[in-house]
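Participant: Got a structure for you, entry-v2.cif, holding mmCIF, N, CA and C atoms.
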```
data_coords
#
loop_
_atom_site.label_atom_id
_atom_site.label_comp_id
_atom_site.auth_asym_id
_atom_site.auth_seq_id
_atom_site.Cartn_x
_atom_site.Cartn_y
_atom_site.Cartn_z
N MET A 28 0.83 -1.20 0.00
CA MET A 28 0.00 0.00 0.00
C MET A 28 0.87 1.26 0.00
N GLN A 29 1.91 1.31 0.84
CA GLN A 29 2.76 2.49 0.86
C GLN A 29 3.45 2.69 -0.48
N ARG A 30 3.86 1.61 -1.10
CA ARG A 30 4.54 1.71 -2.39
C ARG A 30 3.61 2.33 -3.45
N ALA A 31 2.35 1.91 -3.48
CA ALA A 31 1.40 2.46 -4.45
C ALA A 31 1.18 3.95 -4.19
N PHE A 32 1.06 4.34 -2.91
CA PHE A 32 0.87 5.75 -2.58
C PHE A 32 2.08 6.57 -3.02
N PHE A 33 3.29 6.08 -2.75
CA PHE A 33 4.51 6.78 -3.13
C PHE A 33 4.57 6.98 -4.64
N LEU A 34 4.19 5.96 -5.39
CA LEU A 34 4.17 6.06 -6.86
C LEU A 34 3.18 7.13 -7.30
N CYS A 35 2.01 7.20 -6.65
CA CYS A 35 1.02 8.23 -6.99
C CYS A 35 1.57 9.62 -6.70
N VAL A 36 2.26 9.80 -5.59
CA VAL A 36 2.83 11.10 -5.26
C VAL A 36 3.85 11.52 -6.30
N ILE A 37 4.70 10.58 -6.72
CA ILE A 37 5.70 10.88 -7.75
C ILE A 37 5.00 11.30 -9.04
N LEU A 38 3.97 10.61 -9.44
CA LEU A 38 3.26 10.96 -10.67
C LEU A 38 2.62 12.33 -10.57
N VAL A 39 2.03 12.66 -9.41
CA VAL A 39 1.42 13.97 -9.24
C VAL A 39 2.49 15.05 -9.30
N VAL A 40 3.63 14.85 -8.66
CA VAL A 40 4.70 15.84 -8.69
C VAL A 40 5.22 16.01 -10.12
N LEU A 41 5.42 14.90 -10.83
CA LEU A 41 5.89 14.99 -12.20
C LEU A 41 4.86 15.69 -13.08
N ALA A 42 3.61 15.38 -12.90
CA ALA A 42 2.57 16.03 -13.70
C ALA A 42 2.54 17.53 -13.41
N GLY A 43 2.69 17.92 -12.14
CA GLY A 43 2.73 19.34 -11.79
C GLY A 43 3.89 20.03 -12.46
N GLY A 44 5.04 19.39 -12.52
CA GLY A 44 6.20 19.97 -13.19
C GLY A 44 5.96 20.15 -14.67
N ALA A 45 5.27 19.20 -15.28
CA ALA A 45 4.98 19.31 -16.72
C ALA A 45 4.06 20.48 -17.00
N VAL A 46 3.07 20.70 -16.12
CA VAL A 46 2.15 21.81 -16.32
C VAL A 46 2.90 23.12 -16.18
N ALA A 47 3.78 23.22 -15.16
CA ALA A 47 4.54 24.45 -14.97
C ALA A 47 5.42 24.75 -16.18
N ALA A 48 6.03 23.71 -16.74
CA ALA A 48 6.90 23.91 -17.90
C ALA A 48 6.10 24.41 -19.10
N GLN A 49 4.85 24.01 -19.22
CA GLN A 49 4.01 24.44 -20.33
C GLN A 49 3.66 25.92 -20.24
N CYS A 50 3.85 26.53 -19.07
CA CYS A 50 3.46 27.92 -18.88
C CYS A 50 4.63 28.89 -19.01
N LYS A 51 5.69 28.45 -19.61
CA LYS A 51 6.82 29.33 -19.88
C LYS A 51 6.38 30.27 -21.01
N PRO A 52 6.59 31.60 -20.85
CA PRO A 52 6.13 32.53 -21.87
C PRO A 52 6.69 32.22 -23.27
N THR A 53 5.85 32.40 -24.26
CA THR A 53 6.26 32.23 -25.65
C THR A 53 7.23 33.35 -26.01
N PRO A 54 8.38 33.01 -26.58
CA PRO A 54 9.31 34.08 -26.97
C PRO A 54 8.73 34.90 -28.12
N GLY A 55 8.97 36.19 -28.07
CA GLY A 55 8.53 37.08 -29.12
C GLY A 55 9.59 37.22 -30.19
N ALA A 56 9.22 37.78 -31.31
CA ALA A 56 10.13 38.05 -32.43
C ALA A 56 10.17 39.56 -32.65
N PRO A 57 11.20 40.05 -33.32
CA PRO A 57 11.22 41.49 -33.63
C PRO A 57 9.99 41.86 -34.46
N LEU A 58 9.49 43.05 -34.23
CA LEU A 58 8.30 43.50 -34.95
C LEU A 58 8.59 43.56 -36.44
N ASP A 59 7.74 42.93 -37.20
CA ASP A 59 7.87 42.91 -38.66
C ASP A 59 7.71 44.33 -39.19
N PRO A 60 8.65 44.80 -40.02
CA PRO A 60 8.53 46.16 -40.56
C PRO A 60 7.28 46.36 -41.41
N GLY A 61 6.70 45.29 -41.91
CA GLY A 61 5.48 45.39 -42.71
C GLY A 61 4.21 45.38 -41.89
N TYR A 62 4.34 45.33 -40.56
CA TYR A 62 3.15 45.26 -39.70
C TYR A 62 2.35 46.56 -39.74
N THR A 63 1.06 46.41 -39.93
CA THR A 63 0.11 47.52 -39.84
C THR A 63 -0.96 47.08 -38.87
N PRO A 64 -1.22 47.84 -37.80
CA PRO A 64 -2.22 47.40 -36.82
C PRO A 64 -3.64 47.40 -37.39
N ALA A 65 -4.50 46.75 -36.63
CA ALA A 65 -5.95 46.73 -36.90
C ALA A 65 -6.32 45.93 -38.15
N SER A 66 -5.90 44.68 -38.19
CA SER A 66 -6.35 43.78 -39.26
C SER A 66 -7.86 43.58 -39.14
N PRO A 67 -8.54 43.33 -40.25
CA PRO A 67 -9.99 43.10 -40.19
C PRO A 67 -10.31 41.89 -39.31
N LYS A 68 -11.44 41.96 -38.60
CA LYS A 68 -11.87 40.82 -37.77
C LYS A 68 -12.46 39.76 -38.70
N ARG A 69 -11.69 38.71 -38.88
CA ARG A 69 -12.15 37.58 -39.69
C ARG A 69 -11.22 36.40 -39.40
N ALA A 70 -11.79 35.23 -39.42
CA ALA A 70 -11.05 34.01 -39.09
C ALA A 70 -10.69 33.20 -40.33
N ASN A 71 -11.04 33.71 -41.51
CA ASN A 71 -10.81 32.96 -42.73
C ASN A 71 -10.40 33.92 -43.85
N VAL A 72 -9.21 33.69 -44.41
CA VAL A 72 -8.75 34.52 -45.54
C VAL A 72 -8.37 33.65 -46.73
N GLY A 73 -8.83 32.41 -46.73
CA GLY A 73 -8.52 31.49 -47.82
C GLY A 73 -8.54 30.07 -47.31
N SER A 74 -8.08 29.15 -48.14
CA SER A 74 -8.11 27.75 -47.73
C SER A 74 -6.75 27.10 -47.96
N GLY A 75 -6.55 25.99 -47.30
CA GLY A 75 -5.32 25.22 -47.44
C GLY A 75 -4.63 24.94 -46.12
N LEU A 76 -4.79 25.85 -45.12
CA LEU A 76 -4.11 25.69 -43.84
C LEU A 76 -5.00 26.23 -42.73
N VAL A 77 -5.10 25.46 -41.64
CA VAL A 77 -5.85 25.89 -40.46
C VAL A 77 -4.89 25.86 -39.28
N ILE A 78 -4.74 27.03 -38.62
CA ILE A 78 -3.89 27.16 -37.44
C ILE A 78 -4.81 27.29 -36.23
N THR A 79 -4.59 26.47 -35.21
CA THR A 79 -5.37 26.53 -33.98
C THR A 79 -4.41 26.58 -32.80
N GLY A 80 -4.95 26.94 -31.66
CA GLY A 80 -4.14 26.93 -30.45
C GLY A 80 -4.91 27.50 -29.28
N THR A 81 -4.23 27.55 -28.15
CA THR A 81 -4.80 28.10 -26.93
C THR A 81 -3.86 29.18 -26.42
N ILE A 82 -4.43 30.30 -26.00
CA ILE A 82 -3.68 31.39 -25.39
C ILE A 82 -3.83 31.23 -23.88
N ARG A 83 -2.69 31.19 -23.16
CA ARG A 83 -2.69 31.03 -21.70
C ARG A 83 -1.84 32.12 -21.07
N GLY A 84 -2.04 32.31 -19.78
CA GLY A 84 -1.23 33.23 -19.00
C GLY A 84 -0.12 32.49 -18.29
N SER A 85 1.04 33.11 -18.18
CA SER A 85 2.18 32.45 -17.54
C SER A 85 2.04 32.38 -16.03
N ASP A 86 1.19 33.22 -15.44
CA ASP A 86 1.07 33.25 -13.99
C ASP A 86 0.47 31.98 -13.42
N ASP A 87 -0.57 31.45 -14.04
CA ASP A 87 -1.19 30.23 -13.52
C ASP A 87 -1.59 29.25 -14.62
N CYS A 88 -1.18 29.53 -15.83
CA CYS A 88 -1.43 28.66 -16.99
C CYS A 88 -2.92 28.59 -17.38
N SER A 89 -3.72 29.52 -16.87
CA SER A 89 -5.13 29.47 -17.22
C SER A 89 -5.36 30.09 -18.59
N PRO A 90 -6.39 29.62 -19.28
CA PRO A 90 -6.72 30.17 -20.60
C PRO A 90 -7.08 31.65 -20.50
N LEU A 91 -6.84 32.38 -21.58
CA LEU A 91 -7.14 33.82 -21.62
C LEU A 91 -8.25 34.09 -22.63
N PRO A 92 -9.51 33.96 -22.17
CA PRO A 92 -10.62 34.29 -23.09
C PRO A 92 -10.54 35.76 -23.47
N GLY A 93 -10.89 36.04 -24.71
CA GLY A 93 -10.87 37.42 -25.19
C GLY A 93 -9.53 37.91 -25.67
N ALA A 94 -8.48 37.07 -25.57
CA ALA A 94 -7.17 37.47 -26.13
C ALA A 94 -7.35 37.68 -27.63
N THR A 95 -6.61 38.65 -28.17
CA THR A 95 -6.72 38.98 -29.59
C THR A 95 -5.47 38.51 -30.32
N VAL A 96 -5.68 37.87 -31.48
CA VAL A 96 -4.57 37.41 -32.30
C VAL A 96 -4.74 37.98 -33.70
N GLU A 97 -3.76 38.79 -34.13
CA GLU A 97 -3.74 39.30 -35.50
C GLU A 97 -2.79 38.43 -36.31
N PHE A 98 -3.21 38.10 -37.51
CA PHE A 98 -2.40 37.27 -38.42
C PHE A 98 -2.10 38.04 -39.69
N TRP A 99 -0.92 37.85 -40.25
CA TRP A 99 -0.62 38.34 -41.60
C TRP A 99 0.45 37.44 -42.20
N LEU A 100 0.28 37.20 -43.50
CA LEU A 100 1.17 36.30 -44.21
C LEU A 100 1.33 36.76 -45.64
N ALA A 101 2.39 36.29 -46.25
CA ALA A 101 2.64 36.61 -47.66
C ALA A 101 1.98 35.56 -48.55
N GLY A 102 1.45 36.04 -49.67
CA GLY A 102 0.92 35.16 -50.70
C GLY A 102 1.88 35.16 -51.87
N PRO A 103 1.47 34.64 -53.01
CA PRO A 103 2.34 34.60 -54.18
C PRO A 103 2.83 35.98 -54.62
N LYS A 104 2.06 37.03 -54.32
CA LYS A 104 2.46 38.39 -54.72
C LYS A 104 2.90 39.23 -53.52
N GLY A 105 3.26 38.59 -52.43
CA GLY A 105 3.71 39.31 -51.24
C GLY A 105 2.58 39.53 -50.25
N TYR A 106 2.79 40.50 -49.36
CA TYR A 106 1.80 40.81 -48.32
C TYR A 106 0.68 41.67 -48.89
N SER A 107 -0.54 41.42 -48.39
CA SER A 107 -1.69 42.24 -48.80
C SER A 107 -2.75 42.18 -47.71
N LEU A 108 -3.66 43.16 -47.76
CA LEU A 108 -4.75 43.19 -46.79
C LEU A 108 -5.62 41.94 -46.91
N ASP A 109 -5.67 41.34 -48.08
CA ASP A 109 -6.48 40.14 -48.29
C ASP A 109 -6.00 38.96 -47.44
N LEU A 110 -4.75 38.99 -47.00
CA LEU A 110 -4.19 37.88 -46.22
C LEU A 110 -3.94 38.28 -44.77
N ARG A 111 -4.79 39.15 -44.26
CA ARG A 111 -4.70 39.59 -42.87
C ARG A 111 -6.03 39.32 -42.17
N GLY A 112 -5.95 38.97 -40.90
CA GLY A 112 -7.17 38.74 -40.14
C GLY A 112 -6.90 38.81 -38.65
N THR A 113 -7.95 39.08 -37.90
CA THR A 113 -7.89 39.14 -36.44
C THR A 113 -8.96 38.22 -35.89
N VAL A 114 -8.57 37.42 -34.89
CA VAL A 114 -9.52 36.55 -34.20
C VAL A 114 -9.44 36.83 -32.70
N VAL A 115 -10.53 36.50 -32.01
CA VAL A 115 -10.59 36.66 -30.56
C VAL A 115 -10.75 35.26 -29.96
N ALA A 116 -9.93 34.98 -28.95
CA ALA A 116 -9.98 33.66 -28.30
C ALA A 116 -11.33 33.45 -27.62
N ASP A 117 -11.83 32.23 -27.68
CA ASP A 117 -13.12 31.90 -27.08
C ASP A 117 -13.00 31.79 -25.55
N LYS A 118 -14.06 31.34 -24.90
CA LYS A 118 -14.08 31.28 -23.43
C LYS A 118 -13.04 30.33 -22.86
N ASN A 119 -12.50 29.44 -23.69
CA ASN A 119 -11.45 28.52 -23.25
C ASN A 119 -10.06 28.95 -23.73
N GLY A 120 -9.96 30.18 -24.24
CA GLY A 120 -8.68 30.69 -24.71
C GLY A 120 -8.26 30.15 -26.06
N ARG A 121 -9.15 29.46 -26.76
CA ARG A 121 -8.80 28.85 -28.05
C ARG A 121 -9.06 29.80 -29.21
N TYR A 122 -8.22 29.66 -30.23
CA TYR A 122 -8.39 30.44 -31.45
C TYR A 122 -8.26 29.51 -32.65
N ARG A 123 -8.77 29.99 -33.80
CA ARG A 123 -8.69 29.24 -35.06
C ARG A 123 -8.59 30.25 -36.19
N PHE A 124 -7.67 30.01 -37.13
CA PHE A 124 -7.48 30.89 -38.28
C PHE A 124 -7.23 30.02 -39.51
N GLN A 125 -7.96 30.31 -40.59
CA GLN A 125 -7.82 29.56 -41.84
C GLN A 125 -7.25 30.48 -42.91
N CYS A 126 -6.26 29.96 -43.65
CA CYS A 126 -5.59 30.77 -44.67
C CYS A 126 -4.95 29.85 -45.71
N PRO A 127 -4.50 30.41 -46.82
CA PRO A 127 -3.70 29.61 -47.74
C PRO A 127 -2.32 29.35 -47.11
N PHE A 128 -1.62 28.36 -47.62
CA PHE A 128 -0.26 28.12 -47.14
C PHE A 128 0.56 29.36 -47.49
N PRO A 129 1.36 29.88 -46.53
CA PRO A 129 2.08 31.13 -46.81
C PRO A 129 3.10 30.98 -47.92
N GLY A 130 3.32 32.08 -48.63
CA GLY A 130 4.32 32.12 -49.70
C GLY A 130 5.72 32.27 -49.12
N ALA A 131 6.70 31.90 -49.90
CA ALA A 131 8.10 32.04 -49.49
C ALA A 131 8.69 33.28 -50.13
N SER A 132 9.52 33.97 -49.37
CA SER A 132 10.21 35.13 -49.91
C SER A 132 11.48 34.68 -50.60
N SER A 133 11.81 35.31 -51.70
CA SER A 133 13.04 34.98 -52.41
C SER A 133 14.23 35.37 -51.53
N GLY A 134 15.01 34.40 -51.13
CA GLY A 134 16.19 34.64 -50.30
C GLY A 134 15.87 34.98 -48.87
N GLY A 135 14.61 34.95 -48.49
CA GLY A 135 14.21 35.28 -47.12
C GLY A 135 13.95 34.04 -46.29
N PRO A 136 13.24 34.21 -45.20
CA PRO A 136 12.94 33.07 -44.33
C PRO A 136 11.98 32.10 -45.00
N PRO A 137 11.88 30.89 -44.47
CA PRO A 137 10.91 29.93 -45.01
C PRO A 137 9.48 30.45 -44.83
N PRO A 138 8.50 29.86 -45.50
CA PRO A 138 7.11 30.30 -45.36
C PRO A 138 6.71 30.39 -43.89
N HIS A 139 6.07 31.49 -43.52
CA HIS A 139 5.70 31.70 -42.13
C HIS A 139 4.47 32.60 -42.04
N ILE A 140 3.86 32.60 -40.85
CA ILE A 140 2.70 33.43 -40.56
C ILE A 140 3.05 34.26 -39.33
N HIS A 141 2.89 35.58 -39.44
CA HIS A 141 3.13 36.48 -38.31
C HIS A 141 1.88 36.51 -37.43
N MET A 142 2.12 36.67 -36.13
CA MET A 142 1.02 36.76 -35.17
C MET A 142 1.35 37.83 -34.14
N ALA A 143 0.43 38.76 -33.91
CA ALA A 143 0.54 39.73 -32.82
C ALA A 143 -0.55 39.37 -31.82
N VAL A 144 -0.14 39.09 -30.58
CA VAL A 144 -1.07 38.56 -29.58
C VAL A 144 -1.15 39.52 -28.39
N THR A 145 -2.38 39.87 -28.02
CA THR A 145 -2.60 40.78 -26.89
C THR A 145 -3.72 40.25 -26.00
N ALA A 146 -3.62 40.59 -24.71
CA ALA A 146 -4.67 40.28 -23.74
C ALA A 146 -4.54 41.27 -22.59
N ASP A 147 -5.65 41.68 -22.02
CA ASP A 147 -5.64 42.62 -20.90
C ASP A 147 -4.76 42.07 -19.78
N ALA A 148 -3.93 42.95 -19.21
CA ALA A 148 -3.05 42.66 -18.06
C ALA A 148 -1.84 41.79 -18.43
N PHE A 149 -1.62 41.53 -19.71
CA PHE A 149 -0.48 40.72 -20.15
C PHE A 149 0.35 41.50 -21.17
N LEU A 150 1.64 41.18 -21.23
CA LEU A 150 2.52 41.84 -22.19
C LEU A 150 2.22 41.33 -23.60
N PRO A 151 2.05 42.22 -24.57
CA PRO A 151 1.80 41.78 -25.95
C PRO A 151 3.07 41.20 -26.56
N ILE A 152 2.91 40.30 -27.49
CA ILE A 152 4.06 39.77 -28.23
C ILE A 152 3.73 39.69 -29.71
N GLU A 153 4.77 39.68 -30.50
CA GLU A 153 4.66 39.27 -31.90
C GLU A 153 5.49 38.00 -32.00
N THR A 154 4.96 37.04 -32.71
CA THR A 154 5.68 35.80 -32.91
C THR A 154 5.37 35.31 -34.32
N GLU A 155 5.98 34.21 -34.70
CA GLU A 155 5.76 33.64 -36.03
C GLU A 155 5.59 32.14 -35.91
N VAL A 156 4.80 31.59 -36.78
CA VAL A 156 4.67 30.14 -36.88
C VAL A 156 5.15 29.75 -38.27
N PHE A 157 5.94 28.68 -38.32
CA PHE A 157 6.51 28.18 -39.58
C PHE A 157 5.88 26.81 -39.87
N PRO A 158 4.78 26.78 -40.62
CA PRO A 158 4.12 25.50 -40.88
C PRO A 158 4.99 24.58 -41.74
N THR A 159 4.85 23.31 -41.50
CA THR A 159 5.58 22.30 -42.27
C THR A 159 5.01 22.23 -43.68
N LYS A 160 5.91 22.24 -44.66
CA LYS A 160 5.48 22.17 -46.05
C LYS A 160 4.59 20.95 -46.26
N GLY A 161 3.47 21.16 -46.94
CA GLY A 161 2.53 20.08 -47.21
C GLY A 161 1.49 19.88 -46.12
N SER A 162 1.63 20.57 -44.99
CA SER A 162 0.66 20.39 -43.91
C SER A 162 -0.60 21.21 -44.20
N SER A 163 -1.72 20.73 -43.66
CA SER A 163 -2.97 21.46 -43.82
C SER A 163 -3.50 21.95 -42.48
N THR A 164 -2.89 21.51 -41.39
CA THR A 164 -3.27 21.97 -40.05
C THR A 164 -2.02 22.16 -39.21
N GLY A 165 -2.16 22.97 -38.21
CA GLY A 165 -1.07 23.18 -37.26
C GLY A 165 -1.61 23.73 -35.96
N THR A 166 -0.96 23.37 -34.86
CA THR A 166 -1.34 23.87 -33.54
C THR A 166 -0.19 24.70 -33.00
N PHE A 167 -0.51 25.90 -32.54
CA PHE A 167 0.50 26.79 -31.99
C PHE A 167 -0.08 27.44 -30.74
N ASP A 168 0.25 26.87 -29.57
CA ASP A 168 -0.20 27.41 -28.30
C ASP A 168 0.71 28.56 -27.90
N ILE A 169 0.14 29.56 -27.25
CA ILE A 169 0.88 30.77 -26.89
C ILE A 169 0.66 31.05 -25.40
N VAL A 170 1.77 31.37 -24.72
CA VAL A 170 1.71 31.75 -23.31
C VAL A 170 2.19 33.19 -23.18
N LEU A 171 1.34 34.05 -22.64
CA LEU A 171 1.68 35.45 -22.45
C LEU A 171 2.16 35.69 -21.03
N GLU A 172 3.13 36.58 -20.91
CA GLU A 172 3.68 36.95 -19.60
C GLU A 172 2.81 38.04 -18.99
N ILE A 173 2.55 37.90 -17.70
CA ILE A 173 1.73 38.90 -17.01
C ILE A 173 2.43 40.24 -17.04
N GLY A 174 1.66 41.31 -17.24
CA GLY A 174 2.22 42.66 -17.33
C GLY A 174 2.58 43.22 -15.97
N ASP A 175 3.23 44.34 -16.01
CA ASP A 175 3.65 45.00 -14.76
C ASP A 175 2.52 45.80 -14.15
#
```
As structure tokens, please, write out the structure in this file.
Facilitator:
Amino acid sequence: MQRAFFLCVILVVLAGGAVAAQCKPTPGAPLDPGYTPASPKRANVGSGLVITGTIRGSDDCSPLPGATVEFWLAGPKGYSLDLRGTVVADKNGRYRFQCPFPGASSGGPPPHIHMAVTADAFLPIETEVFPTKGSSTGTFDIVLEIGD
């Protein structure tokens, strides 16, 4: 009986450590020089790729309902308003954005999607997701650091 209890305690401690590690803030990227604020509110700008994820806070790893995620990506002719959208996380902190697979820049980074993420009382970040070539879905969870 003691052995079984000890094993349960170890599993609970290990599980707690895993949850804490998941709440490490998502690193930000330098602000894209092509960024223009206030993308239109829309969750679909084309087809071919669906990006989903959950926005959480680093303080207690809880979901952040109402967090805002702006997306922008390059198409075959570069960046355009047609490939920009803003979504708001649902009551569970989840978001979903549908778009074509991003275009590649000549001599630049691999195909990627820019994301600017904000939530009340948390530090905003810009980050990027680099979908795997040929993929049609991707999950990108984001953890925001609590503000000062």
Participant: Using the chain letters and numbers from the file, give me the residues hit by the PyMOL selection byres ((chain A and resi 163) around 8), as a short mmCIF file (atom, residue, chain, number, x, y, z; two decimals) with N, CA and C atoms, keeping the file's coordinate frame.
Facilitator:
```
data_model
loop_
_atom_site.label_atom_id
_atom_site.label_comp_id
_atom_site.auth_asym_id
_atom_site.auth_seq_id
_atom_site.Cartn_x
_atom_site.Cartn_y
_atom_site.Cartn_z
N SER A 74 -8.08 29.15 -48.14
CA SER A 74 -8.11 27.75 -47.73
C SER A 74 -6.75 27.10 -47.96
N GLY A 75 -6.55 25.99 -47.30
CA GLY A 75 -5.32 25.22 -47.44
C GLY A 75 -4.63 24.94 -46.12
N LEU A 76 -4.79 25.85 -45.12
CA LEU A 76 -4.11 25.69 -43.84
C LEU A 76 -5.00 26.23 -42.73
N VAL A 77 -5.10 25.46 -41.64
CA VAL A 77 -5.85 25.89 -40.46
C VAL A 77 -4.89 25.86 -39.28
N ILE A 78 -4.74 27.03 -38.62
CA ILE A 78 -3.89 27.16 -37.44
C ILE A 78 -4.81 27.29 -36.23
N PHE A 128 -1.62 28.36 -47.62
CA PHE A 128 -0.26 28.12 -47.14
C PHE A 128 0.56 29.36 -47.49
N PRO A 158 4.78 26.78 -40.62
CA PRO A 158 4.12 25.50 -40.88
C PRO A 158 4.99 24.58 -41.74
N THR A 159 4.85 23.31 -41.50
CA THR A 159 5.58 22.30 -42.27
C THR A 159 5.01 22.23 -43.68
N LYS A 160 5.91 22.24 -44.66
CA LYS A 160 5.48 22.17 -46.05
C LYS A 160 4.59 20.95 -46.26
N GLY A 161 3.47 21.16 -46.94
CA GLY A 161 2.53 20.08 -47.21
C GLY A 161 1.49 19.88 -46.12
N SER A 162 1.63 20.57 -44.99
CA SER A 162 0.66 20.39 -43.91
C SER A 162 -0.60 21.21 -44.20
N THR A 164 -2.89 21.51 -41.39
CA THR A 164 -3.27 21.97 -40.05
C THR A 164 -2.02 22.16 -39.21
N GLY A 165 -2.16 22.97 -38.21
CA GLY A 165 -1.07 23.18 -37.26
C GLY A 165 -1.61 23.73 -35.96
#
```
Participant: So which residues get picked by the PyMOL selection byres ((chain A and resi 122) around 5) here, written as a ChimeraX atom specification?
Facilitator: /A:79-81,116,120-121,123-124
Participant: For those residues, write N, CA and C atoms to a file as a compact mmCIF listing (two decimals), in the frame of the given file.
Facilitator:
```
# COMPACT_ATOMS: atom_id res chain seq x y z
N THR A 79 -4.59 26.47 -35.21
CA THR A 79 -5.37 26.53 -33.98
C THR A 79 -4.41 26.58 -32.80
N GLY A 80 -4.95 26.94 -31.66
CA GLY A 80 -4.14 26.93 -30.45
C GLY A 80 -4.91 27.50 -29.28
N THR A 81 -4.23 27.55 -28.15
CA THR A 81 -4.80 28.10 -26.93
C THR A 81 -3.86 29.18 -26.42
N ALA A 116 -9.93 34.98 -28.95
CA ALA A 116 -9.98 33.66 -28.30
C ALA A 116 -11.33 33.45 -27.62
N GLY A 120 -9.96 30.18 -24.24
CA GLY A 120 -8.68 30.69 -24.71
C GLY A 120 -8.26 30.15 -26.06
N ARG A 121 -9.15 29.46 -26.76
CA ARG A 121 -8.80 28.85 -28.05
C ARG A 121 -9.06 29.80 -29.21
N ARG A 123 -8.77 29.99 -33.80
CA ARG A 123 -8.69 29.24 -35.06
C ARG A 123 -8.59 30.25 -36.19
N PHE A 124 -7.67 30.01 -37.13
CA PHE A 124 -7.48 30.89 -38.28
C PHE A 124 -7.23 30.02 -39.51
```
Participant: Could you pull out all residues of chain A with a DSSP call of alpha helix (DSSP H) and give them as a VMD selection string?
Facilitator: chain A and resid 29 to 49
Participant: Quick one: pick out all strand (DSSP E) residues within chain A from a backbone DSSP run and write them as a PyMOL selection string.
Facilitator: chain A and resi 76-84+95-102+105-115+121-126+140-145+152-156+164-166+169-171
Participant: Residues proximal to (4.4, 38.4, -39.6) were defined as those with any atom within 9 Å of that point in the file's coordinates, counting only C-alpha atoms. Which are they, as a list in words?
Facilitator: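 Every residue inside that radius is included here: Leu58, Asp59, Pro60, Gly61, Tyr62, Phe98, Trp99, Leu100, Ala101, His139, Ile140, His141, Met142, Ala143, Glu153, Thr154, Glu155 and Val156 of chain A.
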Participant: One decimal, Å: what's the distance from atom C of Pro127 (chain A) over to atom N of Gly112 (chain A), could you say?
Facilitator: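 So the two atoms, atom C of Pro127 (chain A) and atom N of Gly112 (chain A), lie 12.0 Å apart.
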Participant: Name the residues that the PyMOL selection byres (((chain A and resi 170 and name CA) around 7) and name CA) pulls out of this structure, and write them as a list of chain:residue names.
Facilitator: A:Cys50, A:Lys51, A:Pro52, A:Thr53, A:Ile82, A:Arg83, A:Gly84, A:Ser85, A:Asp168, A:Ile169, A:Leu171, A:Glu172
Participant: What is the distance, in Å and to one decimal place, between CA of Ala56 (chain A) and CA of Pro138 (chain A)?
Facilitator: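 Atom-to-atom, CA of Ala56 (chain A) to CA of Pro138 (chain A), that is 15.4 Å.
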Participant: For CA of Ala148 (chain A) and CA of Asn71 (chain A), determine how far apart the two atoms are, in Å to one decimal place.
Facilitator: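 Going from CA of Ala148 (chain A) over to CA of Asn71 (chain A), I get 27.6 Å.
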Participant: Box along x, y and z, 5 Å on every side, all listed atoms of region 87-105 of chain A inside: centre and edge lengths in Å to one decimal, as AutoDock Vina command-line options.
Facilitator:
```
--center_x -3.6 --center_y 34.1 --center_z -34.1 --size_x 24.6 --size_y 20.9 --size_z 51.2
```
